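What follows is the content of target.txt (compact mmCIF, C-alpha atoms).
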# COMPACT_ATOMS: atom_id res chain seq x y z
CA MET G 30 5.45 -5.09 35.28
CA ALA G 31 3.72 -2.48 33.22
CA ASP G 32 2.78 -3.53 29.75
CA LEU G 33 2.42 -1.73 26.48
CA HIS G 34 -0.02 -2.36 23.70
CA VAL G 35 1.56 -3.33 20.39
CA GLU G 36 0.08 -3.12 16.92
CA LEU G 37 2.16 -4.54 14.11
CA VAL G 38 0.52 -3.54 10.85
CA ALA G 39 1.47 -4.10 7.25
CA ALA G 40 0.06 -2.08 4.37
CA ASP G 41 -2.66 -4.58 3.61
CA ARG G 42 -3.37 -6.28 6.93
CA ASN G 43 -2.98 -6.27 10.66
CA VAL G 44 -0.15 -8.70 11.37
CA TRP G 45 -0.13 -8.91 15.16
CA SER G 46 -1.57 -7.03 18.07
CA GLY G 47 -1.49 -7.61 21.79
CA GLU G 48 0.17 -6.75 25.07
CA ALA G 49 3.91 -6.93 25.52
CA HIS G 50 6.51 -5.78 27.98
CA LEU G 51 9.44 -5.32 25.63
CA VAL G 52 9.79 -4.66 21.93
CA VAL G 53 13.14 -4.62 20.17
CA ALA G 54 13.41 -3.17 16.69
CA ARG G 55 16.17 -1.93 14.44
CA THR G 56 16.12 1.76 13.57
CA LYS G 57 18.45 3.60 11.23
CA SER G 58 20.74 4.40 14.15
CA GLY G 59 20.75 1.00 15.80
CA ASP G 60 18.62 -1.39 17.77
CA ILE G 61 16.12 0.12 20.13
CA GLY G 62 14.29 -1.57 22.96
CA ILE G 63 11.04 -0.12 24.16
CA MET G 64 9.28 -0.86 27.41
CA ALA G 65 6.21 0.66 28.97
CA ASN G 66 6.32 4.39 29.79
CA HIS G 67 9.04 5.10 27.24
CA GLU G 68 8.95 8.69 26.05
CA PRO G 69 6.97 9.31 22.84
CA LEU G 70 9.05 8.26 19.90
CA LEU G 71 8.79 8.17 16.15
CA GLY G 72 11.53 6.39 14.30
CA VAL G 73 12.42 5.06 10.88
CA LEU G 74 13.02 1.33 10.84
CA GLN G 75 15.51 -0.59 8.81
CA SER G 76 14.79 -4.02 7.43
CA GLY G 77 15.33 -6.35 10.31
CA PRO G 78 13.71 -8.69 12.72
CA VAL G 79 11.42 -7.21 15.35
CA THR G 80 11.22 -9.09 18.62
CA ILE G 81 8.20 -8.75 20.86
CA ARG G 82 8.24 -10.24 24.37
CA THR G 83 4.59 -10.72 25.15
CA SER G 84 2.97 -10.35 28.55
CA GLU G 85 2.30 -14.06 28.65
CA GLY G 86 6.03 -14.69 28.51
CA GLY G 87 6.15 -15.75 24.88
CA THR G 88 8.20 -14.27 22.08
CA VAL G 89 6.94 -13.10 18.74
CA VAL G 90 9.46 -12.48 15.99
CA ALA G 91 8.58 -10.80 12.74
CA ALA G 92 10.57 -9.82 9.68
CA VAL G 93 9.90 -6.18 8.88
CA HIS G 94 11.03 -4.56 5.66
CA GLY G 95 11.30 -0.83 6.16
CA GLY G 96 8.66 1.17 7.94
CA PHE G 97 8.21 3.15 11.11
CA ILE G 98 7.90 2.72 14.80
CA SER G 99 5.79 5.08 16.82
CA PHE G 100 5.21 5.03 20.52
CA ALA G 101 2.90 7.23 22.59
CA ASP G 102 0.65 6.72 25.61
CA ASN G 103 1.91 3.18 26.07
CA LYS G 104 0.75 2.29 22.57
CA LEU G 105 3.37 1.12 20.18
CA SER G 106 2.71 0.82 16.49
CA ILE G 107 5.04 -0.70 13.98
CA LEU G 108 4.10 0.21 10.44
CA ALA G 109 5.68 -1.67 7.61
CA GLU G 110 4.94 -2.08 3.96
CA ILE G 111 5.73 -5.73 4.34
CA ALA G 112 5.80 -7.59 7.63
CA GLU G 113 5.75 -11.31 8.22
CA LEU G 114 5.59 -13.28 11.42
CA ALA G 115 8.42 -15.78 11.80
CA GLU G 116 6.08 -18.74 11.65
CA GLU G 117 4.63 -17.52 8.36
CA ILE G 118 8.03 -17.46 6.71
CA ASP G 119 8.82 -20.26 4.33
CA VAL G 120 12.47 -20.94 5.12
CA ASP G 121 13.13 -22.92 1.95
CA ARG G 122 11.69 -20.19 -0.19
CA ALA G 123 13.68 -17.53 1.64
CA GLU G 124 16.87 -19.56 1.16
CA ARG G 125 16.18 -19.94 -2.53
CA ALA G 126 15.50 -16.22 -2.75
CA LEU G 127 18.81 -15.58 -1.00
CA GLN G 128 20.72 -17.78 -3.46
CA ARG G 129 19.04 -16.10 -6.38
CA ALA G 130 19.67 -12.62 -5.01
CA LYS G 131 23.34 -13.48 -4.46
CA ALA G 132 23.65 -14.85 -7.95
CA GLU G 133 22.13 -11.71 -9.41
CA SER G 134 23.97 -9.50 -6.90
CA ASP G 135 20.64 -7.95 -6.00
CA GLU G 136 21.49 -6.27 -2.70
CA ASN G 137 17.93 -5.44 -1.68
CA GLY G 138 16.73 -8.93 -2.40
CA GLU G 139 19.65 -10.38 -0.47
CA ARG G 140 18.92 -8.17 2.52
CA ARG G 141 15.22 -9.08 2.45
CA ALA G 142 15.94 -12.79 2.33
CA GLU G 143 18.52 -12.52 5.12
CA VAL G 144 16.07 -10.67 7.35
CA ARG G 145 13.48 -13.34 6.72
CA LEU G 146 15.89 -16.11 7.60
CA ALA G 147 17.13 -14.27 10.69
CA ALA G 148 13.56 -13.81 11.90
CA ALA G 149 12.69 -17.42 11.22
CA ALA G 150 15.84 -18.59 13.05
CA GLY G 151 15.10 -16.28 16.00
CA ALA G 152 11.73 -17.88 16.57
CA HIS G 153 12.90 -21.48 16.71
CA MET A 20 -47.46 -20.64 -36.85
CA GLY A 21 -47.70 -17.06 -38.03
CA ALA A 22 -44.65 -15.05 -38.96
CA GLN A 23 -45.48 -12.54 -36.23
CA ILE A 24 -45.22 -15.08 -33.42
CA ARG A 25 -41.96 -16.39 -34.79
CA VAL A 26 -40.45 -12.89 -34.62
CA TYR A 27 -41.62 -12.45 -31.02
CA LYS A 28 -40.33 -15.87 -29.99
CA ARG A 29 -36.93 -15.07 -31.46
CA ARG A 30 -36.72 -11.79 -29.58
CA ILE A 31 -37.74 -13.44 -26.32
CA ARG A 32 -34.98 -16.00 -26.78
CA SER A 33 -32.35 -13.33 -27.40
CA VAL A 34 -33.46 -11.19 -24.43
CA THR A 35 -33.41 -14.28 -22.20
CA ALA A 36 -29.83 -14.98 -23.21
CA THR A 37 -28.84 -11.38 -22.44
CA LYS A 38 -30.60 -11.59 -19.11
CA LYS A 39 -28.58 -14.65 -18.16
CA ILE A 40 -25.36 -12.79 -18.87
CA THR A 41 -26.33 -9.67 -16.93
CA LYS A 42 -27.56 -11.78 -14.03
CA ALA A 43 -24.23 -13.61 -13.90
CA MET A 44 -22.29 -10.33 -14.01
CA GLU A 45 -24.48 -8.95 -11.25
CA MET A 46 -23.71 -11.90 -9.00
CA ILE A 47 -19.98 -11.83 -9.75
CA ALA A 48 -19.85 -8.11 -8.95
CA ALA A 49 -21.83 -8.66 -5.75
CA SER A 50 -19.39 -11.30 -4.53
CA ARG A 51 -16.41 -9.10 -5.36
CA ILE A 52 -17.77 -6.11 -3.44
CA ILE A 53 -17.47 -8.09 -0.23
CA LYS A 54 -13.86 -8.93 -0.97
CA ALA A 55 -13.05 -5.35 -1.96
CA GLN A 56 -14.73 -4.02 1.18
CA ARG A 57 -12.70 -6.40 3.29
CA GLN A 58 -9.51 -5.16 1.65
CA VAL A 59 -10.45 -1.55 2.39
CA ALA A 60 -11.01 -2.52 6.01
CA ALA A 61 -7.73 -4.46 6.15
CA SER A 62 -5.74 -1.51 4.84
CA SER A 63 -7.21 1.04 7.20
CA PRO A 64 -5.14 0.29 10.36
CA TYR A 65 -1.98 1.07 8.41
CA ALA A 66 -3.47 4.21 6.88
CA ASP A 67 -4.78 5.38 10.26
CA GLU A 68 -1.48 4.87 12.06
CA LEU A 69 0.40 6.54 9.25
CA THR A 70 -1.93 9.53 9.28
CA ARG A 71 -1.47 9.81 13.03
CA ALA A 72 2.29 9.67 12.67
CA VAL A 73 2.35 12.26 9.88
CA THR A 74 0.14 14.57 11.91
CA ALA A 75 2.41 14.07 14.89
CA VAL A 76 5.55 15.03 12.98
CA ALA A 77 3.99 17.88 11.11
CA THR A 78 2.54 19.47 14.24
CA GLY A 79 5.26 18.43 16.67
CA SER A 80 8.18 19.92 14.80
CA ASN A 81 8.96 23.11 12.97
CA THR A 82 10.48 21.31 10.05
CA ARG A 83 9.91 22.86 6.67
CA HIS A 84 9.52 20.21 4.07
CA PRO A 85 8.36 20.53 0.45
CA LEU A 86 5.62 18.05 1.17
CA THR A 87 4.09 19.95 4.06
CA THR A 88 4.61 23.62 3.25
CA GLU A 89 2.32 25.53 0.97
CA ALA A 90 4.05 27.14 -1.97
CA GLU A 91 3.58 30.90 -1.94
CA HIS A 92 2.38 31.02 -5.51
CA PRO A 93 1.30 27.56 -6.53
CA THR A 94 1.52 27.37 -10.31
CA ARG A 95 1.23 23.69 -11.06
CA ALA A 96 -0.93 20.95 -9.71
CA ALA A 97 -1.11 17.23 -10.36
CA VAL A 98 -4.48 15.51 -10.52
CA LEU A 99 -4.68 11.75 -10.17
CA LEU A 100 -7.91 10.36 -11.57
CA ILE A 101 -9.02 6.84 -10.79
CA THR A 102 -11.53 5.11 -13.09
CA SER A 103 -12.22 1.57 -14.19
CA ASP A 104 -10.72 -0.54 -16.96
CA ARG A 105 -14.00 -2.04 -18.06
CA GLY A 106 -17.38 -0.58 -18.80
CA LEU A 107 -20.85 -1.89 -17.98
CA ALA A 108 -20.73 -0.14 -14.65
CA GLY A 109 -23.32 2.54 -15.28
CA GLY A 110 -22.08 6.08 -14.75
CA TYR A 111 -19.15 5.01 -12.57
CA SER A 112 -16.25 6.12 -14.77
CA SER A 113 -17.95 9.11 -16.34
CA ASN A 114 -18.93 10.49 -12.93
CA ALA A 115 -15.34 10.27 -11.75
CA ILE A 116 -14.15 11.89 -14.98
CA LYS A 117 -16.68 14.69 -14.55
CA ALA A 118 -15.49 15.29 -11.01
CA ALA A 119 -11.91 15.47 -12.27
CA GLU A 120 -12.93 17.92 -15.00
CA ARG A 121 -14.62 20.17 -12.44
CA LEU A 122 -11.50 20.11 -10.28
CA THR A 123 -9.23 20.79 -13.25
CA GLU A 124 -11.45 23.70 -14.24
CA ARG A 125 -11.28 25.14 -10.72
CA LEU A 126 -7.50 24.77 -10.53
CA ARG A 127 -7.11 26.44 -13.93
CA ALA A 128 -9.33 29.30 -12.75
CA GLU A 129 -6.92 29.71 -9.83
CA GLY A 130 -4.14 30.09 -12.38
CA LYS A 131 -2.53 26.69 -11.98
CA GLU A 132 -1.36 24.41 -14.71
CA VAL A 133 -2.75 20.93 -14.36
CA ASP A 134 -0.87 17.69 -14.99
CA SER A 135 -3.19 14.74 -15.39
CA TYR A 136 -2.30 11.29 -14.11
CA VAL A 137 -4.93 8.68 -14.86
CA VAL A 138 -5.70 5.14 -13.79
CA GLY A 139 -8.06 2.95 -15.81
CA ARG A 140 -8.68 2.39 -19.50
CA LYS A 141 -11.89 4.44 -19.46
CA ALA A 142 -10.08 7.62 -18.46
CA VAL A 143 -7.21 6.88 -20.85
CA ALA A 144 -9.72 6.54 -23.71
CA TYR A 145 -11.49 9.74 -22.64
CA PHE A 146 -8.28 11.74 -22.76
CA ALA A 147 -7.07 10.09 -25.96
CA PHE A 148 -10.34 10.81 -27.77
CA ARG A 149 -10.10 14.49 -26.88
CA GLU A 150 -6.39 14.50 -27.72
CA ARG A 151 -5.55 15.83 -24.31
CA ARG A 152 -2.16 15.28 -22.77
CA VAL A 153 -1.83 12.75 -19.99
CA THR A 154 1.38 12.90 -18.01
CA GLU A 155 1.23 9.27 -17.02
CA SER A 156 -1.35 6.51 -17.09
CA TRP A 157 -1.80 3.04 -15.65
CA THR A 158 -4.23 0.31 -16.59
CA GLY A 159 -4.93 -3.29 -15.76
CA PHE A 160 -5.52 -3.35 -12.01
CA SER A 161 -8.55 -1.16 -11.36
CA ASP A 162 -10.76 -3.99 -10.11
CA ASN A 163 -8.21 -5.60 -7.82
CA PRO A 164 -5.35 -3.25 -6.91
CA SER A 165 -2.36 -4.41 -4.88
CA TYR A 166 -0.03 -2.34 -2.74
CA ALA A 167 2.65 -2.70 -5.42
CA ASP A 168 0.26 -1.05 -7.90
CA ALA A 169 -0.27 1.81 -5.48
CA LYS A 170 3.50 2.21 -5.14
CA ALA A 171 3.90 2.31 -8.91
CA VAL A 172 1.25 5.02 -9.17
CA ALA A 173 2.58 7.03 -6.25
CA ALA A 174 6.24 7.02 -7.31
CA PRO A 175 6.06 9.55 -10.20
CA LEU A 176 3.64 11.68 -8.19
CA ILE A 177 6.05 11.91 -5.28
CA ALA A 178 8.94 12.57 -7.64
CA SER A 179 7.12 15.45 -9.29
CA VAL A 180 6.11 16.97 -5.95
CA LEU A 181 9.74 16.86 -4.82
CA ALA A 182 11.04 18.32 -8.10
CA GLU A 183 11.43 22.07 -8.54
CA THR A 184 8.53 23.77 -10.27
CA GLU A 185 10.81 24.93 -13.11
CA GLN A 186 11.76 21.36 -13.88
CA GLY A 187 8.22 20.13 -14.18
CA GLY A 188 7.56 19.76 -10.49
CA VAL A 189 4.11 20.38 -9.07
CA ASP A 190 3.09 22.34 -6.00
CA GLU A 191 -0.09 20.49 -5.22
CA LEU A 192 -1.31 16.94 -5.50
CA HIS A 193 -4.99 16.15 -5.83
CA ILE A 194 -6.67 12.82 -6.16
CA VAL A 195 -10.10 12.11 -7.66
CA PHE A 196 -11.73 8.77 -6.93
CA THR A 197 -15.08 7.27 -6.13
CA GLU A 198 -15.65 6.99 -2.44
CA PHE A 199 -17.38 3.84 -1.26
CA VAL A 200 -20.06 4.94 1.18
CA SER A 201 -22.32 1.92 1.11
CA MET A 202 -23.57 -0.75 -1.27
CA MET A 203 -26.03 1.75 -2.70
CA THR A 204 -24.05 4.99 -2.46
CA GLN A 205 -20.72 5.83 -4.06
CA ASN A 206 -19.63 9.42 -4.51
CA PRO A 207 -16.92 10.78 -6.75
CA VAL A 208 -14.76 12.97 -4.51
CA ASP A 209 -11.64 15.07 -4.89
CA ARG A 210 -9.08 15.32 -2.14
CA ARG A 211 -5.93 17.35 -1.80
CA LEU A 212 -3.16 15.07 -0.60
CA LEU A 213 -0.30 17.52 -0.59
CA PRO A 214 0.66 19.88 0.77
CA LEU A 215 -0.88 18.54 3.93
CA SER A 216 -3.54 20.81 5.29
CA LEU A 217 -3.67 19.82 8.91
CA LYS A 218 -6.54 22.05 9.86
CA ARG A 219 -8.77 20.40 7.34
CA ASP A 220 -7.58 16.92 8.20
CA GLY A 221 -10.46 16.21 10.54
CA GLU A 222 -13.08 16.37 7.84
CA SER A 223 -11.09 15.99 4.66
CA GLN A 224 -9.49 12.67 5.43
CA ASP A 225 -11.47 9.52 5.03
CA ALA A 226 -14.01 8.67 7.65
CA ALA A 227 -11.66 5.81 8.49
CA GLY A 228 -9.11 8.27 9.89
CA PRO A 229 -9.00 8.74 13.64
CA ALA A 230 -10.27 11.96 15.21
CA LYS A 231 -7.56 14.56 14.85
CA THR A 232 -8.62 16.63 17.82
CA GLU A 233 -6.78 14.46 20.36
CA ALA A 234 -3.77 16.21 21.85
CA LEU A 235 -0.58 14.79 20.41
CA PRO A 236 2.36 14.17 22.70
CA LEU A 237 5.77 15.63 21.98
CA PHE A 238 7.72 13.04 20.09
CA GLU A 239 11.35 12.20 20.08
CA PHE A 240 12.46 11.59 16.50
CA GLU A 241 14.81 8.91 15.38
CA PRO A 242 17.08 9.76 13.54
CA SER A 243 15.68 13.32 13.18
CA ALA A 244 12.42 15.06 12.42
CA GLU A 245 13.56 15.72 8.84
CA GLY A 246 14.68 12.14 8.39
CA VAL A 247 11.40 10.80 9.67
CA LEU A 248 9.39 13.16 7.52
CA ASP A 249 11.43 12.29 4.44
CA ALA A 250 10.69 8.62 4.97
CA LEU A 251 7.14 9.08 6.17
CA LEU A 252 5.59 11.26 3.50
CA PRO A 253 6.16 9.02 0.49
CA ARG A 254 4.65 6.17 2.49
CA TYR A 255 1.78 8.43 3.41
CA VAL A 256 1.07 9.25 -0.23
CA GLU A 257 1.36 5.57 -1.16
CA SER A 258 -1.06 4.51 1.51
CA ARG A 259 -3.53 7.24 0.54
CA VAL A 260 -3.30 6.19 -3.10
CA TYR A 261 -3.71 2.57 -2.07
CA ASN A 262 -6.76 3.40 0.00
CA ALA A 263 -8.24 5.41 -2.89
CA LEU A 264 -7.59 2.54 -5.33
CA LEU A 265 -9.27 0.05 -3.02
CA GLN A 266 -12.28 2.27 -2.43
CA ALA A 267 -12.53 2.90 -6.16
CA ALA A 268 -12.43 -0.85 -6.80
CA ALA A 269 -15.20 -1.47 -4.27
CA SER A 270 -17.24 1.36 -5.82
CA GLU A 271 -16.66 -0.03 -9.30
CA HIS A 272 -18.03 -3.41 -8.29
CA ALA A 273 -20.97 -1.81 -6.53
CA ALA A 274 -21.73 0.38 -9.55
CA ARG A 275 -21.47 -2.62 -11.86
CA ARG A 276 -23.74 -4.68 -9.65
CA ARG A 277 -26.36 -1.94 -9.69
CA ALA A 278 -26.09 -1.42 -13.45
CA MET A 279 -26.36 -5.15 -14.09
CA LYS A 280 -29.27 -5.46 -11.69
CA SER A 281 -31.25 -2.83 -13.55
CA ALA A 282 -30.30 -4.46 -16.86
CA THR A 283 -31.62 -7.79 -15.56
CA ASP A 284 -34.82 -6.12 -14.35
CA ASN A 285 -35.29 -4.44 -17.71
CA ALA A 286 -34.76 -7.73 -19.50
CA GLU A 287 -37.43 -9.30 -17.30
CA ASP A 288 -39.90 -6.52 -18.13
CA LEU A 289 -39.10 -6.85 -21.81
CA ILE A 290 -39.61 -10.62 -21.73
CA LYS A 291 -42.93 -10.12 -19.99
CA SER A 292 -44.28 -7.63 -22.50
CA LEU A 293 -42.94 -9.66 -25.46
CA THR A 294 -44.66 -12.77 -24.08
CA ARG A 295 -47.93 -10.82 -23.89
CA LEU A 296 -47.52 -9.70 -27.50
CA ALA A 297 -46.65 -13.23 -28.64
CA ASN A 298 -49.74 -14.59 -26.86
CA ALA A 299 -51.93 -11.97 -28.48
CA ALA A 300 -50.44 -12.78 -31.90
CA ARG A 301 -51.02 -16.51 -31.36
CA GLN A 302 -54.62 -15.82 -30.30
CA ALA A 303 -55.14 -13.61 -33.36
CA ASP A 304 -53.79 -16.40 -35.58
CA ILE A 305 -56.21 -18.92 -34.08
CA THR A 306 -59.15 -16.51 -34.40
CA GLN A 307 -58.27 -15.89 -38.01
CA GLU A 308 -57.96 -19.59 -38.74
CA ILE A 309 -61.39 -20.29 -37.19
CA SER A 310 -63.03 -17.49 -39.11
CA GLU A 311 -61.40 -18.79 -42.30
CA ILE A 312 -62.75 -22.31 -41.65
CA VAL A 313 -66.19 -21.00 -40.76
CA GLY A 314 -66.15 -18.74 -43.80
CA GLY A 315 -65.03 -21.62 -46.03
CA ALA A 316 -67.69 -23.96 -44.65
CA SER A 317 -70.50 -21.48 -45.09
CA ALA A 318 -69.32 -20.73 -48.65
CA LEU A 319 -69.45 -24.46 -49.40
CA ALA A 320 -72.92 -24.68 -47.85
CA ASP A 321 -74.10 -21.72 -49.90
CA ALA A 322 -72.67 -23.27 -53.09
CA SER A 323 -74.32 -26.67 -52.52
CA ALA A 324 -77.64 -24.98 -51.63
CA GLY A 325 -77.52 -22.95 -54.87
CA SER A 326 -76.87 -26.02 -57.07
CA ASP A 327 -79.99 -27.82 -55.81

Would you write the structure of this file as structure tokens?
Amino acid sequence: MADLHVELVAADRNVWSGEAHLVVARTKSGDIGIMANHEPLLGVLQSGPVTIRTSEGGTVVAAVHGGFISFADNKLSILAEIAELAEEIDVDRAERALQRAKAESDENGERRAEVRLAAAAGAH
Amino acid sequence: MGAQIRVYKRRIRSVTATKKITKAMEMIAASRIIKAQRQVAASSPYADELTRAVTAVATGSNTRHPLTTEAEHPTRAAVLLITSDRGLAGGYSSNAIKAAERLTERLRAEGKEVDSYVVGRKAVAYFAFRERRVTESWTGFSDNPSYADAKAVAAPLIASVLAETEQGGVDELHIVFTEFVSMMTQNPVDRRLLPLSLKRDGESQDAAGPAKTEALPLFEFEPSAEGVLDALLPRYVESRVYNALLQAAASEHAARRRAMKSATDNAEDLIKSLTRLANAARQADITQEISEIVGGASALADASAGSD
């Protein structure tokens, strides 16, 4: 199966890069799955988990808060201001953040915490 | 001990104390340059990809967007100046300020009003002393900027670019910062961020940017070219501001290291010449004492010889 090269970059660091055969991300108009030889695409992402099925058969899940996805020449880049791999996420902290956000009815904070938890749950 | 030597000894002690301080500052700055350089490197993949994406949208679609189209008669421009919060960095801040003044002068000559946005206490003080108006200023993070700082700086800039000119909006956005070339070389530079000038991109963007000559494929946009551009350009400005802040921070540390190194060297020279002077004074004291003793002894001898 043909593979595509994925770069997941946050504003201040390179989060993950490698070969994959499928990447699923959430754009403004719904989830999108990208495999090798997809047509060039540039999309706006919503906060959500991004799932990468690597060539080795593993799965990488990351929580991405806003950003873009761009695909061309079998190179996929996901740009996000903030991106965290599932294993980097502190579930307890995210849960506390969720409680706090709910208490303060802070919608953005709630969404961020939910995305984190979803990504962390997806990896385990 | 003669009074002269005591004065020299005191000065040597005080210069030695100063030298210790400058040496410590030199070493702190040197260790921070490495960290700052690493941050610049860590932020460049994001900036590169973003630049590529912006170039792709801007060339691959016929969208007209306030952030990409040149105003027919630009009348206002915003200049963002990045300096340091603290001094003792040689000419670092004043060189950046001078570069900003040259740019402001040029823009005024082209008939544009200039709004100044400044980062760093040094620039704030410069404008305050001359009683010049600053549209907005930020301080407190010049030596270690975070992405959140860059967002805070970029937000009013983006807002004023998007606003209509009559309501205080600007047609152009320039940024003046000190580019980090190497440990020994940092240049104050001015860059026009907006409107994007794609022809100039190849040379005007940072060296970190990828070559813009590669043919770009035709993209499919999701949700639409306008939607993507709307979301992309603020991020682009933020990442450019972030990159400029990081480079400025690295340059600030490098400038401070160099300034402190020459201060330490000067202190060493001063200590050396003061030690020479103190030695000469001590020698002169001894010589004088001997000649006094010899003179005294011979006077005694003369007196006893006369009484016989």

(message) I need the contact residues of chain A against chain G, so if you could list those with any atom within 8 Å, counting only C-alpha atoms, and return them as a list in words, that would help.
(response) Gln58, Ala61, Ser62, Pro64, Tyr65, Ala66, Glu68, Leu69, Ala72, Tyr166, Pro236, Leu237, Phe238, Glu239, Phe240, Glu241, Pro242, Gly246, Val247, Ala250, Leu251 and Ser258 of chain A

(request) Find the spatial neighbours of range 145-149 of chain G, counting only C-alpha atoms, within a cut-off of 12 Å - ignore same-chain residues fewer than 6 positions away - and output them as a ChimeraX atom specification. (result) /G:54,76-81,88-94,111-127,138-139

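Nearest to Glu48 in chain G of all the residues G:Leu105, G:Ile63, G:Glu143, G:Leu33 is G:Leu33, counting only C-alpha atoms.
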
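Taking CA of Glu120 in chain A as the reference point, CA of Glu150 in chain A is found at 14.7 Å.
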
(message) Could you tell me how far CA of Gln23 in chain A sits from CA of Gln302 in chain A, in Å to one decimal place?
(response) 11.4 Å

(request) Go through G:Arg55, G:Lys131, G:His34, G:Asn103 one by one, measure the shortest atom-to-atom distance of each to Thr83 in chain G using all atoms listed in the file, and give the residue with the smallest value. (result) G:His34

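Taking CA of Leu192 in chain A and CA of Ala97 in chain A as endpoints, the distance between them is 4.9 Å.
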
(message) Give me the residues near range 99-114 of chain A as an MDAnalysis selection string, where near means some atom within 7 Å (using all atoms listed in the file) and where sequence neighbours in that chain fewer than 4 positions away do not count.
(response) chainID A and resid 118:119 135:142 158:159 161 193:196 207 271 274:275 278

Go ahead and dump the residues you just picked, C-alpha atoms, as a short mmCIF file (atom, residue, chain, number, x, y, z; two decimals), in the coordinates of the input.
data_model
loop_
_atom_site.label_atom_id
_atom_site.label_comp_id
_atom_site.auth_asym_id
_atom_site.auth_seq_id
_atom_site.Cartn_x
_atom_site.Cartn_y
_atom_site.Cartn_z
CA ALA A 118 -15.49 15.29 -11.01
CA ALA A 119 -11.91 15.47 -12.27
CA SER A 135 -3.19 14.74 -15.39
CA TYR A 136 -2.30 11.29 -14.11
CA VAL A 137 -4.93 8.68 -14.86
CA VAL A 138 -5.70 5.14 -13.79
CA GLY A 139 -8.06 2.95 -15.81
CA ARG A 140 -8.68 2.39 -19.50
CA LYS A 141 -11.89 4.44 -19.46
CA ALA A 142 -10.08 7.62 -18.46
CA THR A 158 -4.23 0.31 -16.59
CA GLY A 159 -4.93 -3.29 -15.76
CA SER A 161 -8.55 -1.16 -11.36
CA HIS A 193 -4.99 16.15 -5.83
CA ILE A 194 -6.67 12.82 -6.16
CA VAL A 195 -10.10 12.11 -7.66
CA PHE A 196 -11.73 8.77 -6.93
CA PRO A 207 -16.92 10.78 -6.75
CA GLU A 271 -16.66 -0.03 -9.30
CA ALA A 274 -21.73 0.38 -9.55
CA ARG A 275 -21.47 -2.62 -11.86
CA ALA A 278 -26.09 -1.42 -13.45
#

(message) Within 6 Å of (-1.8, 18.9, -3.7) (file coordinates; only C-alpha atoms), which protein or nucleic acid residues are there? I'd like them as a list in words.
(response) Glu191, Leu192, His193, Arg211, Leu212, Leu213 and Pro214 of chain A

Please write the residues from the selection above to a file, keeping C-alpha atoms, as a PDB file, in the frame of the given file.
ATOM      1  CA  GLU A 191      -0.090  20.490  -5.220  1.00  0.00           C
ATOM      2  CA  LEU A 192      -1.310  16.940  -5.500  1.00  0.00           C
ATOM      3  CA  HIS A 193      -4.990  16.150  -5.830  1.00  0.00           C
ATOM      4  CA  ARG A 211      -5.930  17.350  -1.800  1.00  0.00           C
ATOM      5  CA  LEU A 212      -3.160  15.070  -0.600  1.00  0.00           C
ATOM      6  CA  LEU A 213      -0.300  17.520  -0.590  1.00  0.00           C
ATOM      7  CA  PRO A 214       0.660  19.880   0.770  1.00  0.00           C
TER       8      PRO A 214
END

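Environment of (-37.9, -13.5, -29.7): residues at most 12 Å away, judged by all atoms listed in the file, are A:Ala22, A:Gln23, A:Ile24, A:Arg25, A:Val26, A:Tyr27, A:Lys28, A:Arg29, A:Arg30, A:Ile31, A:Arg32, A:Ser33, A:Val34, A:Thr35, A:Ala36, A:Thr37, A:Leu289, A:Ile290, A:Lys291, A:Ser292, A:Leu293, A:Thr294, A:Arg295, A:Leu296, A:Ala297.
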
Edge lengths and centre, in Å to one decimal, as AutoDock Vina command-line options: that's what I need for the box along x, y and z that holds all listed atoms of range 49-66 of chain G plus 3 Å on each side.
--center_x 12.3 --center_y -1.3 --center_z 20.5 --size_x 22.8 --size_y 17.3 --size_z 24.6

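Counting only C-alpha atoms, the residue from A:Ser281, A:Thr70, A:Asn262, A:Ser201 that sits nearest to Ala173 in chain A is A:Asn262.
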